[in-house]
>>> print(open('upload31.txt').read())   # compact mmCIF, C-alpha atoms
# COMPACT_ATOMS: atom_id res chain seq x y z
CA MET A 1 -54.70 -101.75 -247.43
CA THR A 2 -54.20 -103.75 -244.24
CA VAL A 3 -52.51 -102.77 -240.98
CA LYS A 4 -52.08 -105.18 -238.10
CA VAL A 5 -52.53 -103.85 -234.56
CA ARG A 6 -51.06 -105.90 -231.74
CA PHE A 7 -51.82 -105.30 -228.08
CA PHE A 8 -49.81 -106.98 -225.34
CA ALA A 9 -50.19 -107.89 -221.66
CA ARG A 10 -53.06 -106.03 -219.91
CA PHE A 11 -54.00 -104.20 -223.10
CA ARG A 12 -54.34 -107.54 -224.92
CA GLU A 13 -56.60 -108.87 -222.18
CA LEU A 14 -58.84 -105.83 -222.54
CA LEU A 15 -58.88 -105.41 -226.33
CA GLY A 16 -57.66 -108.61 -227.98
CA THR A 17 -54.75 -108.63 -230.41
CA ASP A 18 -53.69 -109.12 -234.03
CA ILE A 19 -56.52 -106.89 -235.17
CA LEU A 20 -56.54 -106.15 -238.89
CA ALA A 21 -57.59 -102.64 -239.89
CA GLU A 22 -58.29 -101.66 -243.47
CA GLU A 23 -59.18 -97.99 -243.32
CA ALA A 24 -56.57 -95.89 -245.18
CA GLY A 25 -55.06 -92.54 -244.23
CA LEU A 26 -55.27 -92.81 -240.44
CA THR A 27 -52.61 -91.80 -237.97
CA ILE A 28 -51.42 -94.41 -235.49
CA ALA A 29 -53.33 -92.62 -232.71
CA ASP A 30 -56.61 -92.50 -234.65
CA LEU A 31 -56.27 -96.11 -235.77
CA VAL A 32 -55.73 -97.31 -232.20
CA LYS A 33 -58.51 -95.10 -230.85
CA GLY A 34 -60.93 -96.55 -233.38
CA ILE A 35 -60.19 -100.05 -232.13
CA ALA A 36 -59.96 -99.20 -228.43
CA LYS A 37 -63.21 -97.27 -228.24
CA THR A 38 -65.13 -100.51 -228.70
CA LYS A 39 -64.36 -101.24 -225.06
CA LYS A 40 -64.29 -98.40 -222.54
CA GLU A 41 -61.97 -100.10 -220.08
CA GLY A 42 -59.46 -100.77 -222.84
CA TYR A 43 -59.70 -97.23 -224.17
CA ASP A 44 -59.26 -95.73 -220.69
CA ALA A 45 -56.21 -97.93 -220.04
CA ILE A 46 -54.45 -96.50 -223.10
CA PHE A 47 -55.79 -92.96 -223.57
CA ASP A 48 -56.26 -90.10 -221.10
CA GLU A 49 -59.30 -87.81 -220.82
CA HIS A 50 -57.90 -85.61 -223.62
CA GLY A 51 -57.62 -88.54 -226.02
CA MET A 52 -53.82 -88.61 -225.75
CA PHE A 53 -51.79 -91.76 -225.19
CA ARG A 54 -51.15 -92.15 -221.48
CA GLU A 55 -47.60 -91.26 -220.46
CA PHE A 56 -46.46 -94.86 -219.85
CA VAL A 57 -47.92 -96.40 -223.02
CA ILE A 58 -45.36 -97.67 -225.52
CA VAL A 59 -46.07 -97.49 -229.25
CA MET A 60 -44.11 -99.33 -231.93
CA LYS A 61 -44.38 -99.27 -235.69
CA ASN A 62 -42.79 -102.24 -237.42
CA GLY A 63 -40.78 -103.06 -234.30
CA LYS A 64 -39.41 -99.54 -233.79
CA ARG A 65 -40.45 -97.23 -230.99
CA VAL A 66 -42.55 -94.19 -231.89
CA GLU A 67 -42.84 -91.40 -229.28
CA THR A 68 -46.49 -91.10 -228.32
CA PRO A 69 -46.81 -87.43 -229.44
CA ASP A 70 -45.51 -88.49 -232.87
CA ALA A 71 -48.09 -91.28 -233.04
CA ALA A 72 -50.70 -88.56 -233.56
CA LYS A 73 -48.86 -87.46 -236.72
CA VAL A 74 -47.51 -90.65 -238.29
CA VAL A 75 -49.89 -92.07 -240.90
CA VAL A 76 -49.95 -95.86 -241.21
CA ALA A 77 -49.25 -97.57 -244.53
CA ASP A 78 -50.26 -100.90 -246.05
CA GLY A 79 -48.47 -103.78 -244.33
CA ASP A 80 -47.51 -101.83 -241.21
CA GLU A 81 -47.58 -103.54 -237.84
CA ILE A 82 -48.49 -101.33 -234.89
CA ALA A 83 -47.82 -102.58 -231.35
CA ILE A 84 -49.23 -101.01 -228.19
CA PHE A 85 -48.08 -102.13 -224.77
CA PRO A 86 -47.46 -101.17 -221.12
CA PRO A 87 -43.95 -100.83 -219.61
CA VAL A 88 -41.90 -103.98 -219.98
CA ALA A 89 -41.31 -106.30 -217.00
CA GLY A 90 -39.27 -109.25 -218.19
CA GLY A 91 -36.19 -110.80 -216.68
CA MET B 1 -28.13 -118.94 -228.60
CA ILE B 2 -30.53 -116.06 -228.12
CA ARG B 3 -34.11 -117.27 -227.74
CA VAL B 4 -37.58 -116.61 -226.45
CA GLN B 5 -39.15 -120.03 -225.90
CA THR B 6 -41.58 -122.01 -223.77
CA GLU B 7 -39.22 -124.94 -223.12
CA ASP B 8 -36.67 -125.10 -220.33
CA VAL B 9 -33.00 -125.34 -221.19
CA ASP B 10 -30.09 -127.53 -220.13
CA ILE B 11 -27.90 -125.05 -218.26
CA GLY B 12 -25.07 -127.57 -217.97
CA ALA B 13 -24.92 -127.90 -221.74
CA LEU B 14 -24.86 -124.12 -222.11
CA ILE B 15 -21.95 -123.86 -219.65
CA ALA B 16 -20.04 -126.54 -221.55
CA ALA B 17 -20.63 -124.70 -224.84
CA ALA B 18 -19.55 -121.39 -223.30
CA LYS B 19 -16.06 -122.71 -222.51
CA THR B 20 -14.56 -121.57 -225.78
CA SER B 21 -10.88 -121.03 -226.34
CA GLY B 22 -9.50 -118.35 -224.02
CA THR B 23 -12.25 -118.73 -221.40
CA GLY B 24 -11.18 -118.10 -217.83
CA ALA B 25 -14.61 -117.48 -216.31
CA VAL B 26 -18.21 -118.40 -216.99
CA VAL B 27 -21.01 -116.53 -215.20
CA VAL B 28 -24.54 -117.93 -215.12
CA PHE B 29 -27.59 -115.85 -214.24
CA ASP B 30 -30.70 -117.93 -213.59
CA GLY B 31 -33.84 -115.95 -212.83
CA ILE B 32 -36.52 -118.17 -211.30
CA VAL B 33 -40.16 -117.92 -210.32
CA ARG B 34 -40.18 -116.84 -206.67
CA ASP B 35 -42.77 -118.05 -204.18
CA ASP B 36 -44.49 -114.75 -203.48
CA GLY B 37 -47.78 -116.35 -202.55
CA ILE B 38 -48.57 -117.03 -206.18
CA VAL B 39 -49.74 -120.19 -207.90
CA GLU B 40 -47.97 -119.77 -211.23
CA MET B 41 -46.49 -117.07 -213.40
CA GLU B 42 -47.53 -116.35 -216.96
CA LEU B 43 -45.06 -114.69 -219.29
CA GLU B 44 -45.82 -113.01 -222.57
CA ALA B 45 -43.46 -111.51 -225.17
CA TYR B 46 -43.55 -109.49 -228.35
CA GLU B 47 -41.41 -112.32 -229.61
CA GLU B 48 -39.78 -110.95 -232.76
CA VAL B 49 -38.92 -107.65 -231.12
CA ALA B 50 -37.81 -109.32 -227.88
CA THR B 51 -35.46 -111.69 -229.69
CA ALA B 52 -34.01 -108.89 -231.82
CA GLY B 53 -33.59 -106.76 -228.69
CA MET B 54 -31.74 -109.50 -226.83
CA GLU B 55 -29.48 -110.08 -229.85
CA LYS B 56 -28.63 -106.39 -229.82
CA ILE B 57 -27.93 -106.48 -226.07
CA ALA B 58 -25.70 -109.56 -226.47
CA ALA B 59 -23.74 -107.84 -229.25
CA ALA B 60 -23.34 -104.68 -227.16
CA ALA B 61 -22.17 -106.68 -224.12
CA THR B 62 -19.75 -108.69 -226.23
CA LYS B 63 -18.22 -105.50 -227.58
CA GLN B 64 -18.18 -103.56 -224.31
CA PHE B 65 -16.85 -106.32 -222.06
CA GLY B 66 -14.92 -108.48 -224.52
CA LEU B 67 -17.14 -111.50 -223.88
CA LEU B 68 -16.24 -114.72 -225.66
CA HIS B 69 -19.67 -116.32 -225.64
CA VAL B 70 -23.23 -115.24 -224.75
CA ASP B 71 -26.41 -117.29 -224.41
CA ILE B 72 -29.74 -115.76 -223.44
CA VAL B 73 -32.88 -117.86 -223.10
CA HIS B 74 -36.04 -116.12 -221.89
CA ARG B 75 -38.99 -118.39 -221.29
CA ILE B 76 -42.63 -117.53 -221.89
CA GLY B 77 -45.89 -119.28 -221.12
CA ARG B 78 -47.00 -120.63 -217.74
CA LEU B 79 -44.25 -121.36 -215.24
CA ARG B 80 -44.46 -122.87 -211.77
CA ILE B 81 -42.64 -121.71 -208.65
CA GLY B 82 -38.98 -122.65 -208.87
CA GLU B 83 -38.91 -122.88 -212.67
CA ASN B 84 -36.32 -121.03 -214.71
CA ILE B 85 -37.50 -117.78 -216.32
CA LEU B 86 -34.32 -116.34 -217.76
CA ILE B 87 -30.95 -117.94 -218.24
CA ILE B 88 -27.92 -115.89 -219.19
CA VAL B 89 -24.58 -117.63 -219.69
CA VAL B 90 -21.52 -115.57 -220.54
CA SER B 91 -17.86 -116.41 -220.80
CA ALA B 92 -14.83 -114.14 -220.76
CA GLY B 93 -11.11 -114.34 -220.21
CA HIS B 94 -11.41 -113.08 -216.62
CA ARG B 95 -14.12 -112.80 -213.96
CA PRO B 96 -14.53 -108.98 -213.92
CA GLU B 97 -15.61 -108.94 -217.54
CA ALA B 98 -17.82 -112.01 -217.13
CA TYR B 99 -19.63 -110.58 -214.07
CA ALA B 100 -19.96 -107.11 -215.59
CA GLY B 101 -21.18 -108.47 -218.92
CA SER B 102 -23.79 -110.68 -217.24
CA ARG B 103 -25.03 -107.78 -215.10
CA PHE B 104 -25.23 -105.49 -218.11
CA ILE B 105 -27.32 -108.03 -220.02
CA ILE B 106 -29.90 -108.64 -217.27
CA GLU B 107 -30.33 -104.93 -216.56
CA GLU B 108 -30.75 -104.11 -220.26
CA ILE B 109 -33.31 -106.89 -220.67
CA LYS B 110 -35.31 -105.54 -217.75
CA ARG B 111 -35.10 -102.02 -219.13
CA SER B 112 -35.92 -102.56 -222.75
CA VAL B 113 -37.07 -105.99 -223.93
CA PRO B 114 -40.85 -106.31 -224.50
CA ILE B 115 -41.73 -109.14 -222.12
CA TRP B 116 -44.39 -109.06 -219.40
CA LYS B 117 -45.13 -111.20 -216.34
CA LYS B 118 -48.47 -111.92 -214.74
CA GLU B 119 -48.56 -113.44 -211.28
CA LEU B 120 -51.42 -115.91 -211.06
CA THR B 121 -52.94 -116.21 -207.60
CA THR B 122 -55.78 -118.20 -206.12
CA ASP B 123 -58.08 -115.19 -206.55
CA GLY B 124 -57.04 -114.16 -210.05
CA GLY B 125 -53.87 -112.50 -211.22
CA ARG B 126 -51.88 -109.28 -211.38
CA TRP B 127 -49.49 -107.93 -214.00
CA VAL B 128 -46.04 -107.18 -212.61
CA ALA B 129 -45.25 -103.48 -212.95
CA GLY B 130 -42.19 -102.64 -215.01
CA GLU B 131 -39.24 -101.23 -213.11
CA HIS B 132 -38.77 -98.57 -215.75
CA GLY B 133 -41.42 -96.07 -216.64
CA HIS B 134 -41.04 -96.34 -220.37
CA GLY B 135 -39.12 -99.43 -221.39
CA ALA B 136 -38.66 -100.81 -224.88
CA GLY B 137 -35.64 -98.57 -225.44
CA LYS B 138 -35.43 -95.19 -227.04
CA PRO B 139 -37.21 -94.18 -230.21
CA SER B 140 -35.09 -94.86 -233.26
>>> encode(input="upload31.txt", output="structure tokens")
Amino acid sequence: MTVKVRFFARFRELLGTDILAEEAGLTIADLVKGIAKTKKEGYDAIFDEHGMFREFVIVMKNGKRVETPDAAKVVVADGDEIAIFPPVAGG
Amino acid sequence: MIRVQTEDVDIGALIAAAKTSGTGAVVVFDGIVRDDGIVEMELEAYEEVATAGMEKIAAAATKQFGLLHVDIVHRIGRLRIGENILIIVVSAGHRPEAYAGSRFIIEEIKRSVPIWKKELTTDGGRWVAGEHGHGAGKPS
């Protein structure tokens, strides 16, 4: 089983992107935590002191927004693409 | 044409293509890199989602304002001061719809399309804060 995790903007600079994870049965939150904890600054940018996604962090699964509280419940499946990014600033 | 791309675009050609049958007004929005004491600007997108989001916005604007033609080109990569960032060309039968449709599109892009800007300065760089706390639309 393979899930791709994509970080964008500041989160990408801190943690890299297009990271392939193979561990099965994880929630989105646990999957992202496992990757982010390799670099404290990256982890702290995304998660608060209680291990919850920070209020402004945006989570997507296969291009669709997932509310951050739900990301602690939704289990990833083979082929999923998870995206984590800060508020958008285009235009 | 709805695109996220590195290349610039020929705005004159877009205007010509927007003059479809029934057109009485064409409105062009051209967002450019402002000289805010920066060296360059770097833009990054979640490309597939950004393109799909802009297609959805164009369809919504077409329906809501009766637009006849919509082009949206959002550039990414490194851009110098004065370069085009975002070009929106819309046509409609009359100016109120064309202006309103153009305004709707730019505001929706700023609110929801996953694109980010980093201002590059002589001493490093800073990510531009989003105007909207959440962005990327509502959960679906």
>>> closest_residue(input="upload31.txt", among="B:Thr20, B:Gln64, B:Ser91, B:Thr51", to="chain A", atoms="only C-alpha atoms")
B:Thr51
>>> residues_around(input="upload31.txt", residues="B:Pro114", least_positions_apart="5", cutoff="9 Å", atoms="all atoms listed in the file", output="PyMOL selection string")
(chain A and resi 85+87-90) or (chain B and resi 44-47+49-50+53+109+135-136)
>>> atom_distance(input="upload31.txt", atom1="atom CA of A:Met52", atom2="atom CA of A:Val75")
16.0 Å
>>> atom_distance(input="upload31.txt", atom1="atom CA of B:Gly77", atom2="atom CA of A:Lys61")
24.8 Å
>>> interface_residues(input="upload31.txt", of="chain B", to="chain A", cutoff="10 Å", atoms="only C-alpha atoms", output="ChimeraX atom specification")
/B:30-32,43-46,48-50,52-53,74-76,85-87,105-118,126-140
>>> write_last_selection(input="upload31.txt", atoms="C-alpha atoms", output="mmCIF file, in the frame of the given file")
data_model
loop_
_atom_site.group_PDB
_atom_site.id
_atom_site.type_symbol
_atom_site.label_atom_id
_atom_site.label_comp_id
_atom_site.auth_asym_id
_atom_site.auth_seq_id
_atom_site.Cartn_x
_atom_site.Cartn_y
_atom_site.Cartn_z
ATOM 1 C CA ASP B 30 -30.700 -117.930 -213.590
ATOM 2 C CA GLY B 31 -33.840 -115.950 -212.830
ATOM 3 C CA ILE B 32 -36.520 -118.170 -211.300
ATOM 4 C CA LEU B 43 -45.060 -114.690 -219.290
ATOM 5 C CA GLU B 44 -45.820 -113.010 -222.570
ATOM 6 C CA ALA B 45 -43.460 -111.510 -225.170
ATOM 7 C CA TYR B 46 -43.550 -109.490 -228.350
ATOM 8 C CA GLU B 48 -39.780 -110.950 -232.760
ATOM 9 C CA VAL B 49 -38.920 -107.650 -231.120
ATOM 10 C CA ALA B 50 -37.810 -109.320 -227.880
ATOM 11 C CA ALA B 52 -34.010 -108.890 -231.820
ATOM 12 C CA GLY B 53 -33.590 -106.760 -228.690
ATOM 13 C CA HIS B 74 -36.040 -116.120 -221.890
ATOM 14 C CA ARG B 75 -38.990 -118.390 -221.290
ATOM 15 C CA ILE B 76 -42.630 -117.530 -221.890
ATOM 16 C CA ILE B 85 -37.500 -117.780 -216.320
ATOM 17 C CA LEU B 86 -34.320 -116.340 -217.760
ATOM 18 C CA ILE B 87 -30.950 -117.940 -218.240
ATOM 19 C CA ILE B 105 -27.320 -108.030 -220.020
ATOM 20 C CA ILE B 106 -29.900 -108.640 -217.270
ATOM 21 C CA GLU B 107 -30.330 -104.930 -216.560
ATOM 22 C CA GLU B 108 -30.750 -104.110 -220.260
ATOM 23 C CA ILE B 109 -33.310 -106.890 -220.670
ATOM 24 C CA LYS B 110 -35.310 -105.540 -217.750
ATOM 25 C CA ARG B 111 -35.100 -102.020 -219.130
ATOM 26 C CA SER B 112 -35.920 -102.560 -222.750
ATOM 27 C CA VAL B 113 -37.070 -105.990 -223.930
ATOM 28 C CA PRO B 114 -40.850 -106.310 -224.500
ATOM 29 C CA ILE B 115 -41.730 -109.140 -222.120
ATOM 30 C CA TRP B 116 -44.390 -109.060 -219.400
ATOM 31 C CA LYS B 117 -45.130 -111.200 -216.340
ATOM 32 C CA LYS B 118 -48.470 -111.920 -214.740
ATOM 33 C CA ARG B 126 -51.880 -109.280 -211.380
ATOM 34 C CA TRP B 127 -49.490 -107.930 -214.000
ATOM 35 C CA VAL B 128 -46.040 -107.180 -212.610
ATOM 36 C CA ALA B 129 -45.250 -103.480 -212.950
ATOM 37 C CA GLY B 130 -42.190 -102.640 -215.010
ATOM 38 C CA GLU B 131 -39.240 -101.230 -213.110
ATOM 39 C CA HIS B 132 -38.770 -98.570 -215.750
ATOM 40 C CA GLY B 133 -41.420 -96.070 -216.640
ATOM 41 C CA HIS B 134 -41.040 -96.340 -220.370
ATOM 42 C CA GLY B 135 -39.120 -99.430 -221.390
ATOM 43 C CA ALA B 136 -38.660 -100.810 -224.880
ATOM 44 C CA GLY B 137 -35.640 -98.570 -225.440
ATOM 45 C CA LYS B 138 -35.430 -95.190 -227.040
ATOM 46 C CA PRO B 139 -37.210 -94.180 -230.210
ATOM 47 C CA SER B 140 -35.090 -94.860 -233.260
#
>>> residues_around(input="upload31.txt", residues="A:Lys33", least_positions_apart="4", cutoff="9 Å", atoms="only C-alpha atoms", output="list in words")
Ile28, Ala29, Lys37, Thr38, Tyr43, Ile46, Phe47 and Gly51 of chain A
>>> write_last_selection(input="upload31.txt", atoms="C-alpha atoms", output="compact mmCIF listing (two decimals), in the coordinates of the input")
# COMPACT_ATOMS: atom_id res chain seq x y z
CA ILE A 28 -51.42 -94.41 -235.49
CA ALA A 29 -53.33 -92.62 -232.71
CA LYS A 37 -63.21 -97.27 -228.24
CA THR A 38 -65.13 -100.51 -228.70
CA TYR A 43 -59.70 -97.23 -224.17
CA ILE A 46 -54.45 -96.50 -223.10
CA PHE A 47 -55.79 -92.96 -223.57
CA GLY A 51 -57.62 -88.54 -226.02
>>> atom_distance(input="upload31.txt", atom1="atom CA of A:Ala36", atom2="atom CA of A:Leu14")
8.9 Å
>>> closest_residue(input="upload31.txt", among="A:Lys40, A:His50, A:Gly34, A:Gly25", to="A:Val74", atoms="all atoms listed in the file")
A:Gly25
>>> residues_around(input="upload31.txt", residues="A:Ile19", least_positions_apart="3", cutoff="12 Å", atoms="only C-alpha atoms", output="list in words")
Thr2, Val3, Lys4, Val5, Arg6, Phe7, Phe8, Arg12, Leu15, Gly16, Glu22, Leu31, Val32, Gly34, Ile35, Ala36, Asp80, Glu81, Ile82, Ala83 and Ile84 of chain A
>>> decode(input="upload31.txt", residues="stretch 74-112 of chain B", atoms="N, CA and C atoms", output="mmCIF file, in the first residue's frame")
data_model
loop_
_atom_site.group_PDB
_atom_site.id
_atom_site.type_symbol
_atom_site.label_atom_id
_atom_site.label_comp_id
_atom_site.auth_asym_id
_atom_site.auth_seq_id
_atom_site.Cartn_x
_atom_site.Cartn_y
_atom_site.Cartn_z
ATOM 1 N N HIS B 74 -3.024 31.642 -14.592
ATOM 2 C CA HIS B 74 -2.273 31.979 -13.379
ATOM 3 C C HIS B 74 -0.867 31.453 -13.540
ATOM 4 N N ARG B 75 0.096 32.342 -13.434
ATOM 5 C CA ARG B 75 1.485 31.916 -13.637
ATOM 6 C C ARG B 75 2.113 31.446 -12.331
ATOM 7 N N ILE B 76 3.067 30.528 -12.465
ATOM 8 C CA ILE B 76 3.851 30.060 -11.332
ATOM 9 C C ILE B 76 5.330 30.159 -11.701
ATOM 10 N N GLY B 77 6.178 29.878 -10.729
ATOM 11 C CA GLY B 77 7.614 29.980 -10.963
ATOM 12 C C GLY B 77 8.119 31.341 -10.511
ATOM 13 N N ARG B 78 9.305 31.707 -10.959
ATOM 14 C CA ARG B 78 9.910 32.981 -10.534
ATOM 15 C C ARG B 78 9.530 34.101 -11.486
ATOM 16 N N LEU B 79 8.997 35.184 -10.924
ATOM 17 C CA LEU B 79 8.571 36.313 -11.740
ATOM 18 C C LEU B 79 9.239 37.589 -11.250
ATOM 19 N N ARG B 80 9.608 38.434 -12.191
ATOM 20 C CA ARG B 80 10.245 39.707 -11.857
ATOM 21 C C ARG B 80 9.193 40.806 -11.654
ATOM 22 N N ILE B 81 9.629 41.903 -11.065
ATOM 23 C CA ILE B 81 8.737 43.050 -10.868
ATOM 24 C C ILE B 81 8.178 43.486 -12.221
ATOM 25 N N GLY B 82 6.881 43.710 -12.249
ATOM 26 C CA GLY B 82 6.235 44.152 -13.487
ATOM 27 C C GLY B 82 5.702 43.026 -14.343
ATOM 28 N N GLU B 83 6.077 41.779 -14.024
ATOM 29 C CA GLU B 83 5.572 40.661 -14.831
ATOM 30 C C GLU B 83 4.129 40.327 -14.457
ATOM 31 N N ASN B 84 3.428 39.748 -15.411
ATOM 32 C CA ASN B 84 2.049 39.314 -15.173
ATOM 33 C C ASN B 84 2.025 38.104 -14.251
ATOM 34 N N ILE B 85 1.124 38.126 -13.265
ATOM 35 C CA ILE B 85 0.913 36.958 -12.399
ATOM 36 C C ILE B 85 -0.370 36.236 -12.807
ATOM 37 N N LEU B 86 -1.416 37.021 -12.936
ATOM 38 C CA LEU B 86 -2.743 36.427 -13.180
ATOM 39 C C LEU B 86 -3.477 37.266 -14.217
ATOM 40 N N ILE B 87 -3.935 36.599 -15.248
ATOM 41 C CA ILE B 87 -4.695 37.300 -16.282
ATOM 42 C C ILE B 87 -6.085 36.676 -16.358
ATOM 43 N N ILE B 88 -7.086 37.531 -16.217
ATOM 44 C CA ILE B 88 -8.473 37.084 -16.349
ATOM 45 C C ILE B 88 -9.109 37.906 -17.462
ATOM 46 N N VAL B 89 -9.637 37.255 -18.462
ATOM 47 C CA VAL B 89 -10.327 37.942 -19.550
ATOM 48 C C VAL B 89 -11.749 37.395 -19.618
ATOM 49 N N VAL B 90 -12.717 38.279 -19.488
ATOM 50 C CA VAL B 90 -14.110 37.834 -19.594
ATOM 51 C C VAL B 90 -14.839 38.702 -20.610
ATOM 52 N N SER B 91 -15.807 38.103 -21.274
ATOM 53 C CA SER B 91 -16.670 38.892 -22.142
ATOM 54 C C SER B 91 -18.128 38.645 -21.762
ATOM 55 N N ALA B 92 -18.936 39.667 -22.018
ATOM 56 C CA ALA B 92 -20.367 39.582 -21.739
ATOM 57 C C ALA B 92 -21.086 40.519 -22.697
ATOM 58 N N GLY B 93 -22.392 40.455 -22.674
ATOM 59 C CA GLY B 93 -23.174 41.323 -23.547
ATOM 60 C C GLY B 93 -23.054 42.785 -23.143
ATOM 61 N N HIS B 94 -22.940 43.022 -21.832
ATOM 62 C CA HIS B 94 -22.921 44.398 -21.312
ATOM 63 C C HIS B 94 -21.885 44.523 -20.205
ATOM 64 N N ARG B 95 -21.451 45.786 -19.942
ATOM 65 C CA ARG B 95 -20.359 45.978 -18.986
ATOM 66 C C ARG B 95 -20.675 45.556 -17.551
ATOM 67 N N PRO B 96 -21.916 45.734 -17.031
ATOM 68 C CA PRO B 96 -22.114 45.335 -15.624
ATOM 69 C C PRO B 96 -21.794 43.864 -15.388
ATOM 70 N N GLU B 97 -22.226 43.023 -16.297
ATOM 71 C CA GLU B 97 -21.969 41.587 -16.135
ATOM 72 C C GLU B 97 -20.477 41.280 -16.285
ATOM 73 N N ALA B 98 -19.833 41.964 -17.229
ATOM 74 C CA ALA B 98 -18.401 41.709 -17.457
ATOM 75 C C ALA B 98 -17.572 42.122 -16.242
ATOM 76 N N TYR B 99 -17.847 43.331 -15.702
ATOM 77 C CA TYR B 99 -17.124 43.779 -14.506
ATOM 78 C C TYR B 99 -17.410 42.865 -13.316
ATOM 79 N N ALA B 100 -18.685 42.560 -13.106
ATOM 80 C CA ALA B 100 -19.059 41.750 -11.940
ATOM 81 C C ALA B 100 -18.476 40.340 -12.043
ATOM 82 N N GLY B 101 -18.502 39.787 -13.246
ATOM 83 C CA GLY B 101 -17.971 38.439 -13.438
ATOM 84 C C GLY B 101 -16.476 38.401 -13.195
ATOM 85 N N SER B 102 -15.758 39.418 -13.691
ATOM 86 C CA SER B 102 -14.312 39.486 -13.503
ATOM 87 C C SER B 102 -13.981 39.599 -12.017
ATOM 88 N N ARG B 103 -14.717 40.462 -11.316
ATOM 89 C CA ARG B 103 -14.478 40.676 -9.880
ATOM 90 C C ARG B 103 -14.747 39.392 -9.092
ATOM 91 N N PHE B 104 -15.821 38.713 -9.448
ATOM 92 C CA PHE B 104 -16.163 37.458 -8.781
ATOM 93 C C PHE B 104 -15.016 36.452 -8.938
ATOM 94 N N ILE B 105 -14.488 36.362 -10.147
ATOM 95 C CA ILE B 105 -13.444 35.372 -10.420
ATOM 96 C C ILE B 105 -12.179 35.662 -9.607
ATOM 97 N N ILE B 106 -11.710 36.906 -9.595
ATOM 98 C CA ILE B 106 -10.477 37.200 -8.854
ATOM 99 C C ILE B 106 -10.675 36.968 -7.361
ATOM 100 N N GLU B 107 -11.824 37.366 -6.828
ATOM 101 C CA GLU B 107 -12.028 37.186 -5.381
ATOM 102 C C GLU B 107 -12.123 35.705 -5.019
ATOM 103 N N GLU B 108 -12.753 34.911 -5.861
ATOM 104 C CA GLU B 108 -12.854 33.475 -5.592
ATOM 105 C C GLU B 108 -11.490 32.788 -5.693
ATOM 106 N N ILE B 109 -10.683 33.230 -6.641
ATOM 107 C CA ILE B 109 -9.332 32.663 -6.761
ATOM 108 C C ILE B 109 -8.547 32.955 -5.487
ATOM 109 N N LYS B 110 -8.618 34.194 -5.027
ATOM 110 C CA LYS B 110 -7.877 34.561 -3.809
ATOM 111 C C LYS B 110 -8.369 33.790 -2.599
ATOM 112 N N ARG B 111 -9.657 33.496 -2.583
ATOM 113 C CA ARG B 111 -10.252 32.823 -1.430
ATOM 114 C C ARG B 111 -9.959 31.324 -1.403
ATOM 115 N N SER B 112 -9.903 30.706 -2.576
ATOM 116 C CA SER B 112 -9.994 29.251 -2.537
ATOM 117 C C SER B 112 -8.982 28.454 -3.357
#
